[in-house]
Amino acid sequence: MSSGQPRDELSAQGVQVAGRLADVSLTLAPAQVTAICGPNGAGKSTLLAALTGLLVPQDGRVWLNGGELAQMADRDRARAIGYLPQAGEVAWDLSVRALVGLGVMPWAAAPLRPGIGVAEQAARVDSALATMDLMAMADRAVSTLSGGERARALLARVLAGQPRWILADEPLAHLDLSHARTLMAALRAQARRGVGVAVVVHDLTMAMNHAARVVVMHEGRIVADGPPVEALSPDVLHEVWGVRGRWLGDVGEWALAISG
Ligand SMILES: Nc1ncnc2c1ncn2[C@@H]1O[C@H](COP(=O)(O)OP(=O)(O)OP(=O)(O)O)[C@@H](O)[C@H]1O
């Protein structure tokens with residue numbers, strides 16, 4: 001473990017990936033939902049992959065709780081960080097319950113490493129299924145689910161691992177309005193329990209209404225970072241997305257009007 005870095009933070013410092021990320025630094029806080037927004041190709045997924053340790057940057061470092069992520073054992077990383085990749089497909093045709101059960105695998109006991117027992121594992125799976133409203137389809141094969149149901153099952157798998165950090169890449173992509181709200185509410189509930197959540201979203205209204213902090217990326221850089229009303233100001237909407245937009249309504253119920 002190296003140090004000088006504060007604990008209970010997930011932090012990218014000076015991260016570079018050729019043609020994808022240019023000297024990006026971002027420190028996520030626990031107990032908060034951070035939305036990462038930006039146009040297609042801005043570097044959002046690349047940044048998320050770097051923050052999980054799945055992509056090793058050409059330059060810069062990622063720190064987790066005072067230690068360098070790249071030096072951590074895979075199992076420790078998997079216990080700490082729950083990653084929901086973009087457009088998740090499921091390679092094997094498992095039942096929903098078995099899929100969600102994969103989320104607790106990093107916690108299973110292994111030689112020289114204590115873990116949780118079978119009953120506790122089952123309880124975590126049940127809790128995650130219930131949170132994502134999947135109990136009624138727990139025994140269905142994943143191949144029979146709709147895109148939105150599968151997206152909820154994949155998030156339930158992440159929740160079952162009870163990670164300290166949840167990094168979700170476009171989890172709203174296949175969800176109807178109601179389940180999108182349910183999912184964002186589930187992520188906010190995780191944040192209230194102390195989990196640090198970063199979620200890539202294209203729906204700026206969702207980011208505006210559900211995130212405590214918004215990070216805007218453009219061409220491989222962070223160009224705005226702060227409370228939603230500041231990071232998604234009309235000037236930023238114009239500079240980054242090239243639209244003239246204004247926010248109507250009030251906190252928690254903002255709507256975006258686009259005029260050109
Ligand atoms: N494996 C790869 N090899 C080379 N270039 C890549 C790779 N993956 C992504 N890129 C490029 O890196 C840039 C950033 O991609 P990234 O997927 O991080 O963007 P994004 O903001 O998540 O986009 P989107 O909203 O379209 O999902 C894009 O120009 C993309 O074409």
# chains A, B, ... in the order shown; residues from 1 in each chain; ligands from 1
>>> select_by_dssp(residues="range 18-260 of chain A", states="alpha helix (DSSP H)", output="PyMOL selection string")
chain A and resi 44-52+74-80+96-101+118-131+147-160+177-192+204-210+228-231+234-236
>>> residues_around(residues="Leu175 in chain A", least_positions_apart="3", cutoff="8 Å", atoms="only C-alpha atoms", output="MDAnalysis selection string")
chainID A and resid 147:148 151 171:172 178:180
>>> closest_atom_pairs(of="chain A", to="ligand 1", cutoff="8 Å", atoms="only C-alpha atoms and all ligand atoms", output="tab-separated table")
residue	atom	partner	partner_atom_place_in_ligand_line	distance
A:Gly19	CA	ligand 1	12 (O)	6.2
A:Arg20	CA	ligand 1	12 (O)	4.2
A:Leu21	CA	ligand 1	14 (C)	7.3
A:Cys37	CA	ligand 1	21 (O)	7.8
A:Gly38	CA	ligand 1	21 (O)	6.1
A:Pro39	CA	ligand 1	25 (O)	5.6
A:Asn40	CA	ligand 1	26 (O)	3.3
A:Gly41	CA	ligand 1	19 (O)	3.5
A:Ala42	CA	ligand 1	21 (O)	3.7
A:Gly43	CA	ligand 1	18 (O)	3.2
A:Lys44	CA	ligand 1	21 (O)	3.8
A:Ser45	CA	ligand 1	22 (O)	3.7
A:Thr46	CA	ligand 1	18 (O)	3.7
A:Leu47	CA	ligand 1	18 (O)	6.5
A:Gln86	CA	ligand 1	27 (O)	7.7
A:Asp169	CA	ligand 1	22 (O)	7.9
A:Glu170	CA	ligand 1	27 (O)	7.9
A:Val200	CA	ligand 1	22 (O)	7.9
A:His202	CA	ligand 1	25 (O)	7.2
A:Met217	CA	ligand 1	21 (O)	7.4
A:His218	CA	ligand 1	21 (O)	7.9
A:Glu219	CA	ligand 1	14 (C)	7.7
A:Gly220	CA	ligand 1	14 (C)	6.8
>>> residues_around(residues="Val17 in chain A", least_positions_apart="5", cutoff="9 Å", atoms="only C-alpha atoms", output="ChimeraX atom specification")
/A:22-23,46,56-59,220
>>> write_last_selection(atoms="C-alpha atoms", output="PDB file, in the first residue's frame")
ATOM      1  CA  ALA A  22      -6.555  13.116 -21.818  1.00  0.00           C
ATOM      2  CA  ASP A  23      -5.146  13.690 -18.328  1.00  0.00           C
ATOM      3  CA  THR A  46     -13.285   4.418 -20.753  1.00  0.00           C
ATOM      4  CA  VAL A  56      -5.006   0.021 -17.148  1.00  0.00           C
ATOM      5  CA  PRO A  57      -4.273   3.568 -18.328  1.00  0.00           C
ATOM      6  CA  GLN A  58      -1.113   4.407 -20.239  1.00  0.00           C
ATOM      7  CA  ASP A  59      -0.381   7.126 -17.738  1.00  0.00           C
ATOM      8  CA  GLY A 220     -11.715  12.821 -23.487  1.00  0.00           C
TER       9      GLY A 220
END
>>> residues_around(residues="range 252-259 of chain A", least_positions_apart="5", cutoff="10 Å", atoms="only C-alpha atoms", output="PDB file with N, CA and C atoms, in the first residue's frame")
ATOM      1  N   LEU A 204     -30.274  13.550 -19.525  1.00  0.00           N
ATOM      2  CA  LEU A 204     -29.807  14.645 -18.658  1.00  0.00           C
ATOM      3  C   LEU A 204     -30.841  14.994 -17.589  1.00  0.00           C
ATOM      4  N   THR A 205     -32.108  14.737 -17.868  1.00  0.00           N
ATOM      5  CA  THR A 205     -33.142  14.996 -16.862  1.00  0.00           C
ATOM      6  C   THR A 205     -32.965  14.056 -15.671  1.00  0.00           C
ATOM      7  N   MET A 206     -32.631  12.789 -15.957  1.00  0.00           N
ATOM      8  CA  MET A 206     -32.355  11.839 -14.869  1.00  0.00           C
ATOM      9  C   MET A 206     -31.163  12.307 -14.052  1.00  0.00           C
ATOM     10  N   ALA A 207     -30.110  12.749 -14.743  1.00  0.00           N
ATOM     11  CA  ALA A 207     -28.914  13.230 -14.029  1.00  0.00           C
ATOM     12  C   ALA A 207     -29.273  14.443 -13.169  1.00  0.00           C
ATOM     13  N   MET A 208     -30.028  15.346 -13.753  1.00  0.00           N
ATOM     14  CA  MET A 208     -30.387  16.585 -13.054  1.00  0.00           C
ATOM     15  C   MET A 208     -31.209  16.303 -11.787  1.00  0.00           C
ATOM     16  N   ASN A 209     -32.112  15.332 -11.891  1.00  0.00           N
ATOM     17  CA  ASN A 209     -33.045  15.103 -10.780  1.00  0.00           C
ATOM     18  C   ASN A 209     -32.558  14.076  -9.759  1.00  0.00           C
ATOM     19  N   HIS A 210     -31.616  13.227 -10.135  1.00  0.00           N
ATOM     20  CA  HIS A 210     -31.266  12.121  -9.235  1.00  0.00           C
ATOM     21  C   HIS A 210     -29.828  12.145  -8.738  1.00  0.00           C
ATOM     22  N   ALA A 211     -28.967  12.950  -9.355  1.00  0.00           N
ATOM     23  CA  ALA A 211     -27.562  12.942  -8.927  1.00  0.00           C
ATOM     24  C   ALA A 211     -27.279  14.136  -8.014  1.00  0.00           C
ATOM     25  N   VAL A 229     -27.228  21.746 -11.312  1.00  0.00           N
ATOM     26  CA  VAL A 229     -27.635  23.016 -11.939  1.00  0.00           C
ATOM     27  C   VAL A 229     -26.449  23.782 -12.514  1.00  0.00           C
ATOM     28  N   PRO A 234     -27.224  25.967 -19.059  1.00  0.00           N
ATOM     29  CA  PRO A 234     -27.469  26.182 -20.490  1.00  0.00           C
ATOM     30  C   PRO A 234     -26.184  26.404 -21.285  1.00  0.00           C
ATOM     31  N   LEU A 237     -24.684  22.981 -21.854  1.00  0.00           N
ATOM     32  CA  LEU A 237     -25.490  22.243 -22.849  1.00  0.00           C
ATOM     33  C   LEU A 237     -25.146  22.701 -24.268  1.00  0.00           C
ATOM     34  N   VAL A 243     -26.751  22.240 -28.151  1.00  0.00           N
ATOM     35  CA  VAL A 243     -28.185  22.536 -28.152  1.00  0.00           C
ATOM     36  C   VAL A 243     -28.458  23.763 -27.281  1.00  0.00           C
ATOM     37  N   ARG A 244     -29.551  24.415 -27.606  1.00  0.00           N
ATOM     38  CA  ARG A 244     -30.010  25.508 -26.739  1.00  0.00           C
ATOM     39  C   ARG A 244     -31.096  24.930 -25.844  1.00  0.00           C
ATOM     40  N   GLY A 245     -30.776  24.799 -24.577  1.00  0.00           N
ATOM     41  CA  GLY A 245     -31.731  24.193 -23.658  1.00  0.00           C
ATOM     42  C   GLY A 245     -31.901  25.038 -22.420  1.00  0.00           C
ATOM     43  N   ARG A 246     -33.066  24.913 -21.817  1.00  0.00           N
ATOM     44  CA  ARG A 246     -33.239  25.559 -20.512  1.00  0.00           C
ATOM     45  C   ARG A 246     -34.053  24.650 -19.620  1.00  0.00           C
ATOM     46  N   TRP A 247     -33.765  24.756 -18.333  1.00  0.00           N
ATOM     47  CA  TRP A 247     -34.414  23.904 -17.348  1.00  0.00           C
ATOM     48  C   TRP A 247     -35.681  24.559 -16.850  1.00  0.00           C
TER      49      TRP A 247
END
>>> select_by_dssp(residues="range 4-239 of chain A", states="strand (DSSP E)", output="PyMOL selection string")
chain A and resi 10-17+21-28+32-37+59-64+67-68+81-84+165-169+196-200+213-218+221-226
>>> residues_around(residues="Ala153 in chain A", least_positions_apart="2", cutoff="10 Å", atoms="only C-alpha atoms", output="MDAnalysis selection string")
chainID A and resid 96:97 99:100 128:129 132:134 137:138 142 145 147:151 155:159
>>> write_last_selection(atoms="C-alpha atoms", output="compact mmCIF listing (two decimals), in the first residue's frame")
# COMPACT_ATOMS: atom_id res chain seq x y z
CA VAL A 96 -32.13 -15.04 -12.66
CA ARG A 97 -31.34 -16.27 -9.14
CA LEU A 99 -27.07 -14.85 -12.20
CA VAL A 100 -27.60 -12.66 -9.16
CA ALA A 128 -30.99 -7.87 -4.22
CA LEU A 129 -33.80 -9.65 -6.08
CA MET A 132 -34.92 -4.81 -8.15
CA ASP A 133 -38.48 -6.21 -8.09
CA LEU A 134 -37.35 -9.56 -9.51
CA MET A 137 -39.03 -14.09 -11.98
CA ALA A 138 -36.19 -15.46 -9.86
CA VAL A 142 -32.25 -15.05 -18.22
CA LEU A 145 -36.26 -11.83 -19.98
CA GLY A 147 -34.00 -6.19 -22.25
CA GLY A 148 -35.17 -4.09 -19.33
CA GLU A 149 -35.72 -7.10 -17.07
CA ARG A 150 -32.23 -8.33 -17.91
CA ALA A 151 -30.79 -4.90 -17.11
CA LEU A 155 -27.89 -4.55 -11.46
CA ALA A 156 -29.24 -6.99 -8.85
CA ARG A 157 -26.08 -9.03 -9.36
CA VAL A 158 -24.02 -5.96 -8.52
CA LEU A 159 -26.18 -5.16 -5.47
>>> closest_residue(among="A:Met72, A:Leu232, A:Ala160, A:Ala212", to="Met184 in chain A", atoms="only C-alpha atoms")
A:Ala212
>>> residues_around(residues="range 104-118 of chain A", least_positions_apart="4", cutoff="8 Å", atoms="only C-alpha atoms", output="list in words")
Arg75, Asp76, Ala78, Arg79, Val100, Ala122, Arg124, Val125, Arg157, Ala160 and Gly161 of chain A
>>> closest_residue(among="A:Ile222, A:Ala130, A:Ala186, A:Val236", to="Ser25 in chain A", atoms="only C-alpha atoms")
A:Ile222
>>> closest_residue(among="A:Asp203, A:Asp8, A:Asp93, A:Glu68", to="Thr27 in chain A", atoms="only C-alpha atoms")
A:Asp8
>>> closest_residue(among="A:Leu187, A:Met135, A:Ala168, A:Ala141", to="Trp92 in chain A", atoms="only C-alpha atoms")
A:Ala141
>>> atom_distance(atom1="CA of Leu28 in chain A", atom2="CA of Ile166 in chain A")
10.7 Å
>>> residues_around(residues="Val62 in chain A", least_positions_apart="6", cutoff="7 Å", atoms="only C-alpha atoms", output="ChimeraX atom specification")
/A:11-13,51,68-69
>>> write_last_selection(atoms="C-alpha atoms", output="compact mmCIF listing (two decimals), in the first residue's frame")
# COMPACT_ATOMS: atom_id res chain seq x y z
CA SER A 11 -9.81 8.46 -7.37
CA ALA A 12 -8.29 8.70 -10.85
CA GLN A 13 -5.28 10.97 -11.07
CA LEU A 51 -11.93 3.35 -12.25
CA GLU A 68 -3.21 1.79 -5.79
CA LEU A 69 -5.98 -0.16 -7.50
>>> atom_distance(atom1="CA of Gly53 in chain A", atom2="CA of Pro163 in chain A")
14.7 Å
>>> decode(residues="range 26-158 of chain A", atoms="C-alpha atoms", output="PDB file, in the first residue's frame")
ATOM      1  CA  LEU A  26     -11.676  12.567 -10.761  1.00  0.00           C
ATOM      2  CA  THR A  27     -12.248  11.719  -7.117  1.00  0.00           C
ATOM      3  CA  LEU A  28     -15.532  10.034  -6.274  1.00  0.00           C
ATOM      4  CA  ALA A  29     -16.998  10.507  -2.826  1.00  0.00           C
ATOM      5  CA  PRO A  30     -18.789   7.832  -0.826  1.00  0.00           C
ATOM      6  CA  ALA A  31     -22.465   8.254   0.033  1.00  0.00           C
ATOM      7  CA  GLN A  32     -23.205  10.174  -3.155  1.00  0.00           C
ATOM      8  CA  VAL A  33     -24.597   9.556  -6.636  1.00  0.00           C
ATOM      9  CA  THR A  34     -22.364  11.074  -9.297  1.00  0.00           C
ATOM     10  CA  ALA A  35     -23.735  11.140 -12.842  1.00  0.00           C
ATOM     11  CA  ILE A  36     -21.226  11.075 -15.689  1.00  0.00           C
ATOM     12  CA  CYS A  37     -22.662  12.689 -18.806  1.00  0.00           C
ATOM     13  CA  GLY A  38     -21.387  13.640 -22.235  1.00  0.00           C
ATOM     14  CA  PRO A  39     -21.933  13.013 -25.926  1.00  0.00           C
ATOM     15  CA  ASN A  40     -21.151   9.713 -27.662  1.00  0.00           C
ATOM     16  CA  GLY A  41     -17.431   9.007 -27.687  1.00  0.00           C
ATOM     17  CA  ALA A  42     -16.635  11.512 -24.918  1.00  0.00           C
ATOM     18  CA  GLY A  43     -14.730   8.912 -22.883  1.00  0.00           C
ATOM     19  CA  LYS A  44     -17.307   8.052 -20.214  1.00  0.00           C
ATOM     20  CA  SER A  45     -17.072   4.252 -20.532  1.00  0.00           C
ATOM     21  CA  THR A  46     -13.285   4.418 -20.753  1.00  0.00           C
ATOM     22  CA  LEU A  47     -13.124   6.415 -17.523  1.00  0.00           C
ATOM     23  CA  LEU A  48     -15.458   3.992 -15.769  1.00  0.00           C
ATOM     24  CA  ALA A  49     -13.384   1.014 -16.938  1.00  0.00           C
ATOM     25  CA  ALA A  50     -10.238   2.708 -15.604  1.00  0.00           C
ATOM     26  CA  LEU A  51     -11.927   3.346 -12.250  1.00  0.00           C
ATOM     27  CA  THR A  52     -12.768  -0.369 -11.943  1.00  0.00           C
ATOM     28  CA  GLY A  53      -9.218  -1.452 -12.767  1.00  0.00           C
ATOM     29  CA  LEU A  54     -10.391  -3.342 -15.872  1.00  0.00           C
ATOM     30  CA  LEU A  55      -8.534  -0.947 -18.132  1.00  0.00           C
ATOM     31  CA  VAL A  56      -5.006   0.021 -17.148  1.00  0.00           C
ATOM     32  CA  PRO A  57      -4.273   3.568 -18.328  1.00  0.00           C
ATOM     33  CA  GLN A  58      -1.113   4.407 -20.239  1.00  0.00           C
ATOM     34  CA  ASP A  59      -0.381   7.126 -17.738  1.00  0.00           C
ATOM     35  CA  GLY A  60      -1.782   8.163 -14.380  1.00  0.00           C
ATOM     36  CA  ARG A  61      -3.039   6.102 -11.462  1.00  0.00           C
ATOM     37  CA  VAL A  62      -6.250   4.996  -9.830  1.00  0.00           C
ATOM     38  CA  TRP A  63      -6.423   4.918  -6.045  1.00  0.00           C
ATOM     39  CA  LEU A  64      -8.845   3.059  -3.836  1.00  0.00           C
ATOM     40  CA  ASN A  65      -8.899   3.802  -0.126  1.00  0.00           C
ATOM     41  CA  GLY A  66      -5.291   4.929  -0.018  1.00  0.00           C
ATOM     42  CA  GLY A  67      -3.896   2.043  -2.086  1.00  0.00           C
ATOM     43  CA  GLU A  68      -3.214   1.787  -5.789  1.00  0.00           C
ATOM     44  CA  LEU A  69      -5.978  -0.156  -7.503  1.00  0.00           C
ATOM     45  CA  ALA A  70      -3.579  -1.878  -9.903  1.00  0.00           C
ATOM     46  CA  GLN A  71      -1.742  -3.461  -6.945  1.00  0.00           C
ATOM     47  CA  MET A  72      -4.837  -4.926  -5.304  1.00  0.00           C
ATOM     48  CA  ALA A  73      -5.828  -8.598  -5.486  1.00  0.00           C
ATOM     49  CA  ASP A  74      -8.689  -9.240  -7.935  1.00  0.00           C
ATOM     50  CA  ARG A  75     -10.936 -10.547  -5.176  1.00  0.00           C
ATOM     51  CA  ASP A  76     -10.423  -7.461  -3.022  1.00  0.00           C
ATOM     52  CA  ARG A  77     -11.207  -5.231  -5.980  1.00  0.00           C
ATOM     53  CA  ALA A  78     -14.297  -7.287  -6.757  1.00  0.00           C
ATOM     54  CA  ARG A  79     -15.498  -7.005  -3.165  1.00  0.00           C
ATOM     55  CA  ALA A  80     -15.017  -3.256  -3.139  1.00  0.00           C
ATOM     56  CA  ILE A  81     -16.250  -2.271  -6.603  1.00  0.00           C
ATOM     57  CA  GLY A  82     -19.412  -3.429  -8.336  1.00  0.00           C
ATOM     58  CA  TYR A  83     -19.224  -2.758 -12.061  1.00  0.00           C
ATOM     59  CA  LEU A  84     -22.194  -2.803 -14.393  1.00  0.00           C
ATOM     60  CA  PRO A  85     -20.895  -2.711 -17.965  1.00  0.00           C
ATOM     61  CA  GLN A  86     -22.708  -1.122 -20.880  1.00  0.00           C
ATOM     62  CA  ALA A  87     -25.257  -3.256 -22.785  1.00  0.00           C
ATOM     63  CA  GLY A  88     -24.711  -6.302 -20.608  1.00  0.00           C
ATOM     64  CA  GLU A  89     -25.197  -9.619 -22.315  1.00  0.00           C
ATOM     65  CA  VAL A  90     -25.278 -12.858 -20.367  1.00  0.00           C
ATOM     66  CA  ALA A  91     -23.120 -15.562 -21.900  1.00  0.00           C
ATOM     67  CA  TRP A  92     -24.738 -18.527 -20.137  1.00  0.00           C
ATOM     68  CA  ASP A  93     -28.412 -19.180 -19.845  1.00  0.00           C
ATOM     69  CA  LEU A  94     -28.663 -19.088 -16.074  1.00  0.00           C
ATOM     70  CA  SER A  95     -31.707 -18.566 -13.959  1.00  0.00           C
ATOM     71  CA  VAL A  96     -32.128 -15.035 -12.657  1.00  0.00           C
ATOM     72  CA  ARG A  97     -31.343 -16.266  -9.142  1.00  0.00           C
ATOM     73  CA  ALA A  98     -28.122 -17.961 -10.298  1.00  0.00           C
ATOM     74  CA  LEU A  99     -27.067 -14.846 -12.203  1.00  0.00           C
ATOM     75  CA  VAL A 100     -27.604 -12.657  -9.158  1.00  0.00           C
ATOM     76  CA  GLY A 101     -25.766 -15.279  -7.090  1.00  0.00           C
ATOM     77  CA  LEU A 102     -22.620 -14.609  -9.131  1.00  0.00           C
ATOM     78  CA  GLY A 103     -22.514 -11.233  -7.418  1.00  0.00           C
ATOM     79  CA  VAL A 104     -21.723 -12.783  -4.035  1.00  0.00           C
ATOM     80  CA  MET A 105     -18.926 -15.016  -5.333  1.00  0.00           C
ATOM     81  CA  PRO A 106     -16.129 -12.658  -4.263  1.00  0.00           C
ATOM     82  CA  TRP A 107     -17.426 -13.127  -0.707  1.00  0.00           C
ATOM     83  CA  ALA A 108     -17.356 -16.932  -0.700  1.00  0.00           C
ATOM     84  CA  ALA A 109     -14.781 -18.393   1.659  1.00  0.00           C
ATOM     85  CA  ALA A 110     -11.548 -19.495   0.012  1.00  0.00           C
ATOM     86  CA  PRO A 111      -8.376 -21.094   1.382  1.00  0.00           C
ATOM     87  CA  LEU A 112      -6.694 -18.607   3.718  1.00  0.00           C
ATOM     88  CA  ARG A 113      -9.474 -16.101   3.143  1.00  0.00           C
ATOM     89  CA  PRO A 114     -12.562 -15.851   5.309  1.00  0.00           C
ATOM     90  CA  GLY A 115     -15.891 -15.322   3.616  1.00  0.00           C
ATOM     91  CA  ILE A 116     -19.603 -15.414   4.307  1.00  0.00           C
ATOM     92  CA  GLY A 117     -21.611 -18.630   4.753  1.00  0.00           C
ATOM     93  CA  VAL A 118     -24.168 -20.096   2.375  1.00  0.00           C
ATOM     94  CA  ALA A 119     -27.163 -18.767   4.342  1.00  0.00           C
ATOM     95  CA  GLU A 120     -25.806 -15.214   4.285  1.00  0.00           C
ATOM     96  CA  GLN A 121     -25.051 -15.536   0.580  1.00  0.00           C
ATOM     97  CA  ALA A 122     -28.652 -16.614  -0.091  1.00  0.00           C
ATOM     98  CA  ALA A 123     -29.973 -13.739   2.026  1.00  0.00           C
ATOM     99  CA  ARG A 124     -27.934 -11.233   0.017  1.00  0.00           C
ATOM    100  CA  VAL A 125     -29.271 -12.679  -3.238  1.00  0.00           C
ATOM    101  CA  ASP A 126     -32.874 -12.499  -1.982  1.00  0.00           C
ATOM    102  CA  SER A 127     -32.394  -8.930  -0.833  1.00  0.00           C
ATOM    103  CA  ALA A 128     -30.986  -7.874  -4.222  1.00  0.00           C
ATOM    104  CA  LEU A 129     -33.802  -9.655  -6.082  1.00  0.00           C
ATOM    105  CA  ALA A 130     -36.396  -7.895  -3.934  1.00  0.00           C
ATOM    106  CA  THR A 131     -34.752  -4.485  -4.375  1.00  0.00           C
ATOM    107  CA  MET A 132     -34.920  -4.807  -8.150  1.00  0.00           C
ATOM    108  CA  ASP A 133     -38.482  -6.205  -8.088  1.00  0.00           C
ATOM    109  CA  LEU A 134     -37.351  -9.556  -9.507  1.00  0.00           C
ATOM    110  CA  MET A 135     -38.627 -12.060  -6.945  1.00  0.00           C
ATOM    111  CA  ALA A 136     -41.468 -13.193  -9.194  1.00  0.00           C
ATOM    112  CA  MET A 137     -39.031 -14.090 -11.981  1.00  0.00           C
ATOM    113  CA  ALA A 138     -36.188 -15.464  -9.863  1.00  0.00           C
ATOM    114  CA  ASP A 139     -36.491 -18.949 -11.385  1.00  0.00           C
ATOM    115  CA  ARG A 140     -36.866 -17.825 -15.008  1.00  0.00           C
ATOM    116  CA  ALA A 141     -34.032 -18.319 -17.472  1.00  0.00           C
ATOM    117  CA  VAL A 142     -32.249 -15.047 -18.221  1.00  0.00           C
ATOM    118  CA  SER A 143     -32.729 -15.705 -21.966  1.00  0.00           C
ATOM    119  CA  THR A 144     -36.496 -15.310 -21.499  1.00  0.00           C
ATOM    120  CA  LEU A 145     -36.256 -11.830 -19.976  1.00  0.00           C
ATOM    121  CA  SER A 146     -36.918  -8.608 -21.823  1.00  0.00           C
ATOM    122  CA  GLY A 147     -34.002  -6.186 -22.254  1.00  0.00           C
ATOM    123  CA  GLY A 148     -35.172  -4.089 -19.331  1.00  0.00           C
ATOM    124  CA  GLU A 149     -35.716  -7.096 -17.065  1.00  0.00           C
ATOM    125  CA  ARG A 150     -32.232  -8.333 -17.908  1.00  0.00           C
ATOM    126  CA  ALA A 151     -30.793  -4.902 -17.106  1.00  0.00           C
ATOM    127  CA  ARG A 152     -32.478  -5.048 -13.684  1.00  0.00           C
ATOM    128  CA  ALA A 153     -31.132  -8.562 -13.088  1.00  0.00           C
ATOM    129  CA  LEU A 154     -27.607  -7.410 -13.930  1.00  0.00           C
ATOM    130  CA  LEU A 155     -27.890  -4.551 -11.463  1.00  0.00           C
ATOM    131  CA  ALA A 156     -29.238  -6.987  -8.849  1.00  0.00           C
ATOM    132  CA  ARG A 157     -26.077  -9.035  -9.362  1.00  0.00           C
ATOM    133  CA  VAL A 158     -24.016  -5.957  -8.516  1.00  0.00           C
TER     134      VAL A 158
END
